[in-house]
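**Student:** What follows is final-v3.cif; its format and atoms are mmCIF, C-alpha atoms.
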data_data
#
loop_
_atom_site.group_PDB
_atom_site.id
_atom_site.type_symbol
_atom_site.label_atom_id
_atom_site.label_comp_id
_atom_site.auth_asym_id
_atom_site.auth_seq_id
_atom_site.Cartn_x
_atom_site.Cartn_y
_atom_site.Cartn_z
ATOM 1 C CA MET A 1 108.286 97.148 122.367
ATOM 2 C CA ALA A 2 108.158 94.072 120.130
ATOM 3 C CA ILE A 3 108.284 94.956 116.424
ATOM 4 C CA THR A 4 105.845 92.774 114.479
ATOM 5 C CA ALA A 5 105.733 91.830 110.819
ATOM 6 C CA ALA A 6 102.419 93.656 110.508
ATOM 7 C CA MET A 7 104.066 96.881 111.748
ATOM 8 C CA VAL A 8 106.898 96.484 109.240
ATOM 9 C CA LYS A 9 104.348 95.866 106.480
ATOM 10 C CA GLU A 10 102.381 98.998 107.384
ATOM 11 C CA LEU A 11 105.488 101.188 107.482
ATOM 12 C CA ARG A 12 106.655 99.775 104.159
ATOM 13 C CA GLU A 13 103.296 100.622 102.556
ATOM 14 C CA MET A 14 103.436 104.125 104.031
ATOM 15 C CA THR A 15 106.946 104.964 102.882
ATOM 16 C CA GLY A 16 108.076 102.629 100.110
ATOM 17 C CA ALA A 17 111.251 101.906 102.098
ATOM 18 C CA GLY A 18 112.852 98.437 102.236
ATOM 19 C CA MET A 19 111.766 95.908 104.832
ATOM 20 C CA MET A 20 115.051 95.902 106.749
ATOM 21 C CA ASP A 21 115.125 99.708 106.796
ATOM 22 C CA CYS A 22 111.563 99.719 108.118
ATOM 23 C CA LYS A 23 112.448 97.270 110.867
ATOM 24 C CA LYS A 24 115.486 99.361 111.812
ATOM 25 C CA ALA A 25 113.384 102.548 111.914
ATOM 26 C CA LEU A 26 110.711 100.961 114.108
ATOM 27 C CA THR A 27 113.345 99.563 116.441
ATOM 28 C CA ALA A 28 115.068 102.947 116.726
ATOM 29 C CA THR A 29 111.776 104.719 117.490
ATOM 30 C CA GLU A 30 110.407 101.999 119.790
ATOM 31 C CA GLY A 31 107.517 101.229 117.455
ATOM 32 C CA ASP A 32 106.254 104.800 117.055
ATOM 33 C CA MET A 33 104.924 104.782 113.472
ATOM 34 C CA ASP A 34 104.993 108.561 112.918
ATOM 35 C CA LYS A 35 108.541 108.876 114.294
ATOM 36 C CA ALA A 36 109.609 105.904 112.186
ATOM 37 C CA VAL A 37 108.336 107.661 109.035
ATOM 38 C CA GLU A 38 110.304 110.776 110.009
ATOM 39 C CA PHE A 39 113.386 108.640 110.752
ATOM 40 C CA LEU A 40 113.273 107.111 107.265
ATOM 41 C CA ARG A 41 112.695 110.450 105.576
ATOM 42 C CA GLU A 42 115.630 112.058 107.368
ATOM 43 C CA LYS A 43 117.820 109.217 106.147
ATOM 44 C CA GLY A 44 116.506 109.759 102.626
ATOM 45 C CA LEU A 45 114.956 106.280 102.578
ATOM 46 C CA ALA A 46 111.283 107.271 102.354
ATOM 47 C CA THR A 47 109.918 108.969 99.263
ATOM 48 C CA ALA A 48 106.701 110.336 100.744
ATOM 49 C CA GLN A 49 105.124 111.225 104.053
ATOM 50 C CA LYS A 50 101.566 110.435 103.145
ATOM 51 C CA LYS A 51 100.289 106.879 103.432
ATOM 52 C CA ALA A 52 99.988 104.882 100.263
ATOM 53 C CA SER A 53 96.353 104.087 99.592
ATOM 54 C CA ARG A 54 95.542 100.549 100.601
ATOM 55 C CA ILE A 55 92.697 99.580 98.335
ATOM 56 C CA ALA A 56 91.128 96.358 99.501
ATOM 57 C CA ALA A 57 87.407 96.786 100.199
ATOM 58 C CA GLU A 58 85.054 96.260 97.265
ATOM 59 C CA GLY A 59 82.190 98.470 96.180
ATOM 60 C CA ILE A 60 81.582 101.420 93.928
ATOM 61 C CA VAL A 61 81.896 105.196 93.793
ATOM 62 C CA MET A 62 78.960 106.814 92.033
ATOM 63 C CA LEU A 63 78.514 110.436 90.959
ATOM 64 C CA LYS A 64 75.222 112.257 90.503
ATOM 65 C CA VAL A 65 75.078 115.662 88.824
ATOM 66 C CA ALA A 66 71.994 117.916 88.787
ATOM 67 C CA GLU A 67 70.482 118.624 85.381
ATOM 68 C CA ASP A 68 71.688 122.227 85.394
ATOM 69 C CA GLY A 69 75.228 121.116 86.311
ATOM 70 C CA LYS A 70 75.346 123.447 89.312
ATOM 71 C CA LYS A 71 75.351 120.759 91.981
ATOM 72 C CA ALA A 72 76.731 117.225 92.271
ATOM 73 C CA VAL A 73 77.525 114.538 94.795
ATOM 74 C CA ALA A 74 79.970 111.658 95.119
ATOM 75 C CA VAL A 75 79.011 108.610 97.185
ATOM 76 C CA GLU A 76 80.863 105.433 98.091
ATOM 77 C CA VAL A 77 79.011 102.248 98.978
ATOM 78 C CA ASN A 78 81.030 99.183 99.962
ATOM 79 C CA ALA A 79 80.284 95.493 99.600
ATOM 80 C CA GLU A 80 82.255 92.373 100.483
ATOM 81 C CA THR A 81 83.013 91.102 96.978
ATOM 82 C CA ASP A 82 83.738 92.485 93.542
ATOM 83 C CA PHE A 83 81.048 90.150 92.189
ATOM 84 C CA VAL A 84 78.353 92.019 94.124
ATOM 85 C CA ALA A 85 79.897 95.410 93.286
ATOM 86 C CA LYS A 86 79.352 94.634 89.583
ATOM 87 C CA ASN A 87 75.808 93.351 90.147
ATOM 88 C CA GLU A 88 73.052 95.409 88.481
ATOM 89 C CA LYS A 89 70.827 95.270 91.572
ATOM 90 C CA PHE A 90 73.640 96.636 93.745
ATOM 91 C CA GLN A 91 74.466 99.376 91.249
ATOM 92 C CA GLY A 92 70.803 100.332 90.956
ATOM 93 C CA TYR A 93 70.615 100.677 94.731
ATOM 94 C CA VAL A 94 73.771 102.834 94.822
ATOM 95 C CA ALA A 95 72.228 105.082 92.145
ATOM 96 C CA GLN A 96 69.294 105.639 94.510
ATOM 97 C CA VAL A 97 71.691 106.440 97.361
ATOM 98 C CA ALA A 98 73.409 108.998 95.120
ATOM 99 C CA GLU A 99 70.071 110.565 94.173
ATOM 100 C CA GLN A 100 69.172 110.936 97.850
ATOM 101 C CA ALA A 101 72.637 112.246 98.727
ATOM 102 C CA LEU A 102 72.370 114.945 96.048
ATOM 103 C CA GLU A 103 69.319 116.373 97.823
ATOM 104 C CA THR A 104 70.210 115.729 101.467
ATOM 105 C CA SER A 105 70.918 118.444 104.015
ATOM 106 C CA ALA A 106 72.603 115.943 106.343
ATOM 107 C CA ALA A 107 75.968 117.132 107.603
ATOM 108 C CA ASP A 108 77.474 113.678 108.094
ATOM 109 C CA ILE A 109 76.912 110.002 107.331
ATOM 110 C CA ASP A 110 75.107 109.287 110.627
ATOM 111 C CA ALA A 111 72.538 112.020 109.954
ATOM 112 C CA PHE A 112 72.170 110.777 106.383
ATOM 113 C CA LEU A 113 71.472 107.218 107.540
ATOM 114 C CA ALA A 114 68.846 108.464 109.998
ATOM 115 C CA GLU A 115 66.806 110.471 107.476
ATOM 116 C CA THR A 116 63.729 109.223 105.610
ATOM 117 C CA TRP A 117 64.442 107.090 102.532
ATOM 118 C CA LYS A 118 62.877 108.953 99.612
ATOM 119 C CA PHE A 119 62.030 105.744 97.723
ATOM 120 C CA ASP A 120 60.028 104.289 100.645
ATOM 121 C CA THR A 121 59.081 106.907 103.228
ATOM 122 C CA SER A 122 58.145 104.252 105.778
ATOM 123 C CA LYS A 123 61.873 103.532 106.198
ATOM 124 C CA THR A 124 65.026 105.402 107.086
ATOM 125 C CA VAL A 125 68.066 105.268 104.806
ATOM 126 C CA ASN A 126 69.649 102.815 107.247
ATOM 127 C CA GLU A 127 66.575 100.571 107.291
ATOM 128 C CA ALA A 128 66.488 100.545 103.501
ATOM 129 C CA LEU A 129 70.166 99.565 103.536
ATOM 130 C CA ALA A 130 69.397 96.685 105.905
ATOM 131 C CA GLY A 131 66.717 95.531 103.474
ATOM 132 C CA GLN A 132 69.204 95.552 100.592
ATOM 133 C CA ILE A 133 71.673 93.533 102.651
ATOM 134 C CA ALA A 134 68.966 90.929 103.209
ATOM 135 C CA VAL A 135 68.129 90.804 99.489
ATOM 136 C CA ILE A 136 71.683 90.791 98.144
ATOM 137 C CA GLY A 137 72.986 88.510 100.885
ATOM 138 C CA GLU A 138 76.205 90.372 101.563
ATOM 139 C CA ASN A 139 77.241 92.987 104.088
ATOM 140 C CA MET A 140 77.122 96.515 102.663
ATOM 141 C CA LYS A 141 77.978 99.959 103.969
ATOM 142 C CA ILE A 142 77.207 103.492 102.834
ATOM 143 C CA ARG A 143 80.645 104.772 103.701
ATOM 144 C CA ARG A 144 80.683 108.441 102.701
ATOM 145 C CA PHE A 145 79.248 111.167 100.503
ATOM 146 C CA GLN A 146 80.282 114.692 99.572
ATOM 147 C CA GLN A 147 78.297 117.356 97.789
ATOM 148 C CA MET A 148 79.699 120.107 95.594
ATOM 149 C CA GLU A 149 77.879 123.210 94.380
ATOM 150 C CA GLU A 150 78.916 126.033 92.042
ATOM 151 C CA GLN A 151 76.340 128.649 91.034
ATOM 152 C CA GLU A 152 78.851 130.777 89.084
ATOM 153 C CA GLY A 153 79.887 128.022 86.704
ATOM 154 C CA PHE A 154 79.387 124.260 86.932
ATOM 155 C CA VAL A 155 80.569 121.021 88.500
ATOM 156 C CA ALA A 156 82.477 118.656 86.226
ATOM 157 C CA SER A 157 82.528 114.902 86.853
ATOM 158 C CA TYR A 158 84.590 111.924 85.781
ATOM 159 C CA THR A 159 84.221 108.244 86.657
ATOM 160 C CA HIS A 160 87.150 105.885 86.124
ATOM 161 C CA MET A 161 87.263 102.071 85.894
ATOM 162 C CA GLY A 162 83.529 101.580 86.202
ATOM 163 C CA GLY A 163 83.275 103.328 89.548
ATOM 164 C CA LYS A 164 86.589 102.501 91.189
ATOM 165 C CA ILE A 165 87.387 106.226 91.179
ATOM 166 C CA GLY A 166 85.008 109.189 91.045
ATOM 167 C CA VAL A 167 86.029 112.839 90.724
ATOM 168 C CA LEU A 168 84.119 116.130 90.956
ATOM 169 C CA VAL A 169 85.682 119.475 90.023
ATOM 170 C CA ASP A 170 84.296 122.893 90.989
ATOM 171 C CA VAL A 171 84.698 125.200 87.969
ATOM 172 C CA ALA A 172 83.897 128.905 88.385
ATOM 173 C CA THR A 173 83.540 130.472 84.926
ATOM 174 C CA ASP A 174 81.645 133.234 83.157
ATOM 175 C CA VAL A 175 81.474 131.182 79.968
ATOM 176 C CA VAL A 176 80.130 127.640 79.683
ATOM 177 C CA ASN A 177 80.578 125.871 76.343
ATOM 178 C CA ASP A 178 81.766 122.522 75.008
ATOM 179 C CA GLU A 179 85.434 123.549 74.983
ATOM 180 C CA ILE A 180 85.361 124.605 78.629
ATOM 181 C CA LYS A 181 83.432 121.484 79.612
ATOM 182 C CA GLU A 182 86.091 119.402 77.847
ATOM 183 C CA MET A 183 88.817 121.262 79.748
ATOM 184 C CA ALA A 184 87.028 120.575 83.035
ATOM 185 C CA LYS A 185 86.751 116.868 82.218
ATOM 186 C CA ASN A 186 90.473 116.773 81.430
ATOM 187 C CA VAL A 187 91.224 118.358 84.803
ATOM 188 C CA ALA A 188 88.988 115.773 86.498
ATOM 189 C CA MET A 189 90.893 113.005 84.689
ATOM 190 C CA GLN A 190 94.127 114.567 85.979
ATOM 191 C CA VAL A 191 92.791 114.351 89.545
ATOM 192 C CA ALA A 192 91.834 110.715 89.029
ATOM 193 C CA ALA A 193 95.245 109.774 87.652
ATOM 194 C CA LEU A 194 97.675 111.818 89.763
ATOM 195 C CA LYS A 195 95.863 111.968 93.136
ATOM 196 C CA PRO A 196 96.692 115.538 94.228
ATOM 197 C CA LEU A 197 96.125 116.377 97.892
ATOM 198 C CA HIS A 198 95.331 120.070 97.398
ATOM 199 C CA THR A 199 93.942 122.291 94.657
ATOM 200 C CA SER A 200 96.596 124.996 95.021
ATOM 201 C CA ARG A 201 99.509 125.961 97.257
ATOM 202 C CA ASN A 202 97.215 128.293 99.178
ATOM 203 C CA GLU A 203 95.559 125.242 100.735
ATOM 204 C CA VAL A 204 98.776 123.719 102.093
ATOM 205 C CA PRO A 205 98.947 124.347 105.873
ATOM 206 C CA ALA A 206 101.847 126.559 106.974
ATOM 207 C CA ASP A 207 102.748 124.156 109.790
ATOM 208 C CA TYR A 208 103.073 121.341 107.229
ATOM 209 C CA ILE A 209 105.582 123.422 105.241
ATOM 210 C CA GLU A 210 107.575 124.226 108.373
ATOM 211 C CA LYS A 211 107.678 120.569 109.395
ATOM 212 C CA GLU A 212 108.811 119.607 105.902
ATOM 213 C CA LYS A 213 111.602 122.182 106.090
ATOM 214 C CA GLU A 214 112.808 120.663 109.370
ATOM 215 C CA VAL A 215 112.811 117.098 108.041
ATOM 216 C CA LEU A 216 114.403 118.039 104.714
ATOM 217 C CA MET A 217 117.088 120.132 106.429
ATOM 218 C CA VAL A 218 118.168 117.100 108.478
ATOM 219 C CA GLN A 219 118.144 115.050 105.273
ATOM 220 C CA ALA A 220 120.234 117.676 103.434
ATOM 221 C CA LYS A 221 122.780 117.892 106.270
ATOM 222 C CA ASN A 222 123.136 114.112 106.237
ATOM 223 C CA GLU A 223 123.806 114.211 102.487
ATOM 224 C CA LYS A 224 126.161 117.220 102.517
ATOM 225 C CA PRO A 225 127.582 117.632 106.041
ATOM 226 C CA ASP A 226 130.176 120.184 104.869
ATOM 227 C CA ALA A 227 127.741 122.447 102.957
ATOM 228 C CA ASN A 228 127.015 125.960 104.232
ATOM 229 C CA GLU A 229 123.594 127.181 105.351
ATOM 230 C CA LYS A 230 122.834 128.904 102.032
ATOM 231 C CA ILE A 231 123.424 125.733 100.020
ATOM 232 C CA LEU A 232 121.421 123.620 102.472
ATOM 233 C CA THR A 233 118.530 126.101 102.408
ATOM 234 C CA GLY A 234 118.571 126.048 98.610
ATOM 235 C CA MET A 235 118.414 122.243 98.629
ATOM 236 C CA VAL A 236 115.501 122.274 101.064
ATOM 237 C CA MET A 237 113.472 124.868 99.154
ATOM 238 C CA GLY A 238 114.078 123.058 95.877
ATOM 239 C CA ARG A 239 112.735 119.832 97.344
ATOM 240 C CA ILE A 240 109.728 121.545 98.902
ATOM 241 C CA ASN A 241 108.849 123.155 95.556
ATOM 242 C CA LYS A 242 109.177 119.776 93.860
ATOM 243 C CA GLU A 243 106.867 118.200 96.447
ATOM 244 C CA LEU A 244 104.288 120.974 96.097
ATOM 245 C CA LYS A 245 104.266 120.416 92.334
ATOM 246 C CA GLU A 246 103.335 116.812 93.031
ATOM 247 C CA ILE A 247 100.630 117.339 95.651
ATOM 248 C CA CYS A 248 98.967 120.556 94.364
ATOM 249 C CA LEU A 249 96.679 120.057 91.356
ATOM 250 C CA MET A 250 97.272 123.400 89.654
ATOM 251 C CA ASP A 251 101.070 123.035 89.968
ATOM 252 C CA GLN A 252 101.164 119.504 88.561
ATOM 253 C CA VAL A 253 102.403 118.897 85.036
ATOM 254 C CA TYR A 254 99.313 118.481 82.868
ATOM 255 C CA VAL A 255 99.241 114.812 81.819
ATOM 256 C CA LYS A 256 98.238 115.636 78.242
ATOM 257 C CA ALA A 257 100.810 118.425 77.818
ATOM 258 C CA GLU A 258 102.525 118.031 74.459
ATOM 259 C CA ASP A 259 105.791 119.445 75.762
ATOM 260 C CA GLY A 260 105.651 117.474 79.012
ATOM 261 C CA LYS A 261 106.106 120.722 80.946
ATOM 262 C CA GLN A 262 102.837 122.673 80.853
ATOM 263 C CA SER A 263 101.196 122.917 84.289
ATOM 264 C CA VAL A 264 97.497 122.352 84.885
ATOM 265 C CA GLN A 265 97.169 126.061 85.699
ATOM 266 C CA ALA A 266 98.809 126.992 82.387
ATOM 267 C CA TYR A 267 96.485 124.598 80.546
ATOM 268 C CA VAL A 268 93.383 126.111 82.184
ATOM 269 C CA ASP A 269 94.652 129.623 81.431
ATOM 270 C CA SER A 270 95.225 128.744 77.772
ATOM 271 C CA VAL A 271 91.644 127.498 77.401
ATOM 272 C CA ALA A 272 90.310 130.562 79.229
ATOM 273 C CA LYS A 273 92.209 132.852 76.852
ATOM 274 C CA ALA A 274 91.044 130.970 73.760
ATOM 275 C CA GLN A 275 87.402 131.111 74.891
ATOM 276 C CA GLY A 276 87.486 134.668 76.233
ATOM 277 C CA ALA A 277 86.536 133.405 79.677
ATOM 278 C CA LYS A 278 87.527 133.849 83.299
ATOM 279 C CA ILE A 279 88.052 130.372 84.762
ATOM 280 C CA THR A 280 89.010 129.287 88.270
ATOM 281 C CA ILE A 281 89.342 125.686 89.440
ATOM 282 C CA LYS A 282 88.149 126.172 93.013
ATOM 283 C CA SER A 283 88.261 122.659 94.470
ATOM 284 C CA PHE A 284 87.872 118.953 93.776
ATOM 285 C CA VAL A 285 86.562 115.760 95.361
ATOM 286 C CA ARG A 286 88.275 112.459 94.670
ATOM 287 C CA PHE A 287 86.825 109.188 96.010
ATOM 288 C CA GLU A 288 88.550 105.866 95.421
ATOM 289 C CA THR A 289 86.740 102.684 96.374
ATOM 290 C CA GLY A 290 88.079 101.183 99.579
ATOM 291 C CA GLU A 291 90.571 103.995 100.088
ATOM 292 C CA GLY A 292 92.185 103.614 103.508
ATOM 293 C CA LEU A 293 90.438 100.300 104.173
ATOM 294 C CA GLU A 294 92.321 97.057 104.274
ATOM 295 C CA LYS A 295 91.375 93.425 104.293
ATOM 296 C CA LYS A 296 93.407 90.939 106.269
ATOM 297 C CA ASN A 297 96.327 89.610 104.310
ATOM 298 C CA GLU A 298 97.906 87.059 106.597
ATOM 299 C CA ASP A 299 99.910 85.442 103.790
ATOM 300 C CA PHE A 300 101.815 88.628 103.011
ATOM 301 C CA ALA A 301 102.492 89.349 106.685
ATOM 302 C CA ALA A 302 103.783 85.805 107.082
ATOM 303 C CA GLU A 303 106.009 86.281 104.047
ATOM 304 C CA VAL A 304 107.491 89.454 105.552
ATOM 305 C CA ALA A 305 108.075 87.666 108.862
ATOM 306 C CA LYS A 306 109.775 84.780 107.122
ATOM 307 C CA GLN A 307 112.103 87.068 105.159
ATOM 308 C CA MET A 308 113.067 88.989 108.281
ATOM 309 C CA GLY A 309 113.386 86.030 110.615
ATOM 310 C CA MET A 310 110.669 87.398 112.906
#
Would you give me this structure, written as structure tokens?
**Tutor:**
Amino acid sequence: MAITAAMVKELREMTGAGMMDCKKALTATEGDMDKAVEFLREKGLATAQKKASRIAAEGIVMLKVAEDGKKAVAVEVNAETDFVAKNEKFQGYVAQVAEQALETSAADIDAFLAETWKFDTSKTVNEALAGQIAVIGENMKIRRFQQMEEQEGFVASYTHMGGKIGVLVDVATDVVNDEIKEMAKNVAMQVAALKPLHTSRNEVPADYIEKEKEVLMVQAKNEKPDANEKILTGMVMGRINKELKEICLMDQVYVKAEDGKQSVQAYVDSVAKAQGAKITIKSFVRFETGEGLEKKNEDFAAEVAKQMGM
């Protein structure tokens, strides 16, 4: 299989490995992207398995929280240019989408688009969107929405960079006051900044852990071929624990920790103790505008090809 510059570019974005290493990995795995990622990780050349976010599409993430704080929704609406994304008319429309999404019973985006538009009941949500496209003069898309509800506490929200990132946090608590609301906002800011994949270790799939052990064991054996099984196992478990502390919110180091060591869980527990409350961070939603979408970037691909003689 011919290895293209675009393939090398994608693998580089996924792993952070060098271009020549990416080309070598793709060649060795006959262009299989997943196997190439594993190849690089086993060689210790890739720092992460998950894809790096490729933020390219424009638009906005908007959050809407019910007055009682028990329910909220995050929506993402995309547009072609940043100019339109910052336009008041566009933002006003997205606010309406968020208001509808807070109340919807639709299970997915297709059902949401097919339901009656609450601001003009003669139209569906999709028809109203088409009307906005005609008015604004640029292609737009209601990409996704996600509701969150917590009757035994509240939903905290945080918007970053004018709608580039939106976060909701489900907080179960028997006490609701300004101090606990401030704690919840700080946790939401943590989610925005450090992009955890899971709330706690309990959410990490067992098969993911087993696969990580396999990959890291190969990596450890490559680094220390003469080490015994006990040493290798210790290396593997140490690296898995380090990874879990990066991808699990409650295990992460709290970004505002004065000692640079306090975990998010320890921070939440300290606030709970001070306020005489029982607090559990149950889940979070994190939307980043254009996450996983990519515009064509022929210049960069050409640059990669030129550097690699492809």
**Student:** Would you write out, as JSON, numbers by chain, every residue that the PyMOL selection byres ((chain A and resi 276) around 12) captures in this file?
**Tutor:** {"A": [173, 174, 175, 176, 177, 179, 180, 268, 269, 270, 271, 272, 273, 274, 275, 277, 278, 279]}
**Student:** I'd like the interatomic distance between CA of Glu291 in chain A and CA of Thr15 in chain A, to a tenth of an Å.
**Tutor:**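 Separating CA of Glu291 in chain A from CA of Thr15 in chain A is a distance of 16.6 Å.
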**Student:** Using only C-alpha atoms, find the one residue out of A:Ala111, A:Ile231, A:Leu129, A:Val236 that sits nearest to Gln96 in chain A.
**Tutor:** A:Leu129
**Student:** Spell out the residues picked by the PyMOL selection byres ((chain A and resi 184) around 12) here, as a PyMOL selection string.
**Tutor:** chain A and resi 153-158+167-173+176-183+185-191+264-265+267-269+271-272+279-284
**Student:** Report, in Å to a single decimal, how far apart CA of Met161 in chain A and CA of Glu149 in chain A are.
**Tutor:**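 Between these atoms lies a distance of 24.6 Å.
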**Student:** At a cut-off of 10 Å, using only C-alpha atoms, what residues contact Met1 in chain A? Leave out same-chain residues fewer than 2 positions from it and give the result as a ChimeraX atom specification.
**Tutor:** /A:3-4,26-27,29-32
**Student:** Report, in Å with one decimal, the straight-line distance from CA of Thr159 in chain A to CA of Glu246 in chain A.
**Tutor:**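 Distance reported for this atom pair: 21.9 Å.
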**Student:** Convert the output of the PyMOL selection byres ((chain A and resi 36-46) around 10) on the shown file into explicit residues, formatted as a VMD selection string.
**Tutor:** chain A and resid 11 to 12 14 to 18 21 to 35 47 to 51 212 214 to 223
**Student:** My list of candidates is A:Leu232, A:Arg144, A:Arg239, A:Gln262. Which is closest to Asp108 in chain A when distances are computed with only C-alpha atoms?
**Tutor:**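 For Asp108 in chain A, the nearest of the candidates is A:Arg144.
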**Student:** Looking at all atoms listed in the file, which of A:Met140, A:Ala206, A:Leu249, A:Leu244 is the one that sits closest to Leu194 in chain A?
**Tutor:** A:Leu249
**Student:** Tell me which of A:Glu103, A:Glu13, A:Glu58, A:Asp251 sits closest to Lys86 in chain A, counting all atoms listed in the file.
**Tutor:** A:Glu58
**Student:** Write out as a list in words the residues lying within 12 Å of Gln91 in chain A, counting all atoms listed in the file and excluding same-chain residues fewer than 6 positions away.
**Tutor:** Gly59, Ile60, Val61, Met62, Leu63, Val75, Glu76, Val77, Asn78, Ala79, Asp82, Phe83, Val84, Ala85, Val97, Ala98, Gln132, Ile136, Gly162 and Gly163 of chain A
**Student:** Point out the residue among A:Ala5, A:Ala95, A:Glu288, A:Met237 with the least atom-to-atom distance to Glu210 in chain A, counting only C-alpha atoms.
**Tutor:** A:Met237
**Student:** If we count only C-alpha atoms and set the cut-off at 12 Å, which residues sit around Ala107 in chain A, ignoring sequence neighbours fewer than 6 positions away in its own chain? Please answer as a list of chain:residue names.
**Tutor:**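 The neighbour list is A:Ala101, A:Leu113, A:Ala114, A:Glu115, A:Arg144, A:Phe145, A:Gln146, A:Gln147.
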**Student:** Include C-alpha atoms and write out the residues we just selected as a PDB file, in the frame of the given file.
**Tutor:**
ATOM      1  CA  ALA A 101      72.637 112.246  98.727  1.00  0.00           C
ATOM      2  CA  LEU A 113      71.472 107.218 107.540  1.00  0.00           C
ATOM      3  CA  ALA A 114      68.846 108.464 109.998  1.00  0.00           C
ATOM      4  CA  GLU A 115      66.806 110.471 107.476  1.00  0.00           C
ATOM      5  CA  ARG A 144      80.683 108.441 102.701  1.00  0.00           C
ATOM      6  CA  PHE A 145      79.248 111.167 100.503  1.00  0.00           C
ATOM      7  CA  GLN A 146      80.282 114.692  99.572  1.00  0.00           C
ATOM      8  CA  GLN A 147      78.297 117.356  97.789  1.00  0.00           C
TER       9      GLN A 147
END
**Student:** Identify which of the residues A:Met19, A:Lys224, A:Tyr93, A:Gln100 lies closest to Ala130 in chain A, counting only C-alpha atoms when measuring atom-to-atom distances.
**Tutor:** A:Tyr93
**Student:** Can you report as lines of an AutoDock Vina configuration file the centre and edge lengths in Å, to one decimal, of an axis-aligned box around the listed atoms of range 87-91 of chain A padded with 6 Å on each side?
**Tutor:**
center_x = 73.3
center_y = 96.4
center_z = 91.1
size_x = 17.0
size_y = 18.0
size_z = 17.3
**Student:** Export range 30-41 of chain A of the preceding structure, keeping N, CA and C atoms, as a PDB file, in the first residue's frame.
**Tutor:**
ATOM      1  N   GLU A  30       1.803  -1.684   6.829  1.00  0.00           N
ATOM      2  CA  GLU A  30       1.095  -1.652   5.544  1.00  0.00           C
ATOM      3  C   GLU A  30      -0.082  -0.667   5.555  1.00  0.00           C
ATOM      4  N   GLY A  31       0.141   0.468   6.211  1.00  0.00           N
ATOM      5  CA  GLY A  31      -0.845   1.545   6.186  1.00  0.00           C
ATOM      6  C   GLY A  31      -1.981   1.421   7.174  1.00  0.00           C
ATOM      7  N   ASP A  32      -1.936   0.410   8.041  1.00  0.00           N
ATOM      8  CA  ASP A  32      -2.993   0.241   9.049  1.00  0.00           C
ATOM      9  C   ASP A  32      -2.753   1.248  10.173  1.00  0.00           C
ATOM     10  N   MET A  33      -3.642   2.255  10.278  1.00  0.00           N
ATOM     11  CA  MET A  33      -3.432   3.365  11.207  1.00  0.00           C
ATOM     12  C   MET A  33      -3.391   2.903  12.668  1.00  0.00           C
ATOM     13  N   ASP A  34      -4.330   2.036  13.063  1.00  0.00           N
ATOM     14  CA  ASP A  34      -4.370   1.577  14.450  1.00  0.00           C
ATOM     15  C   ASP A  34      -3.115   0.777  14.806  1.00  0.00           C
ATOM     16  N   LYS A  35      -2.677  -0.099  13.885  1.00  0.00           N
ATOM     17  CA  LYS A  35      -1.472  -0.890  14.136  1.00  0.00           C
ATOM     18  C   LYS A  35      -0.234   0.001  14.158  1.00  0.00           C
ATOM     19  N   ALA A  36      -0.259   1.060  13.353  1.00  0.00           N
ATOM     20  CA  ALA A  36       0.869   1.985  13.318  1.00  0.00           C
ATOM     21  C   ALA A  36       0.998   2.729  14.650  1.00  0.00           C
ATOM     22  N   VAL A  37      -0.149   3.099  15.245  1.00  0.00           N
ATOM     23  CA  VAL A  37      -0.141   3.750  16.558  1.00  0.00           C
ATOM     24  C   VAL A  37       0.465   2.804  17.585  1.00  0.00           C
ATOM     25  N   GLU A  38       0.036   1.540  17.548  1.00  0.00           N
ATOM     26  CA  GLU A  38       0.546   0.539  18.491  1.00  0.00           C
ATOM     27  C   GLU A  38       2.041   0.316  18.287  1.00  0.00           C
ATOM     28  N   PHE A  39       2.467   0.282  17.021  1.00  0.00           N
ATOM     29  CA  PHE A  39       3.880   0.113  16.670  1.00  0.00           C
ATOM     30  C   PHE A  39       4.720   1.215  17.318  1.00  0.00           C
ATOM     31  N   LEU A  40       4.268   2.452  17.172  1.00  0.00           N
ATOM     32  CA  LEU A  40       4.999   3.598  17.727  1.00  0.00           C
ATOM     33  C   LEU A  40       5.010   3.575  19.250  1.00  0.00           C
ATOM     34  N   ARG A  41       3.911   3.167  19.847  1.00  0.00           N
ATOM     35  CA  ARG A  41       3.842   3.129  21.301  1.00  0.00           C
ATOM     36  C   ARG A  41       4.769   2.056  21.862  1.00  0.00           C
TER      37      ARG A  41
END
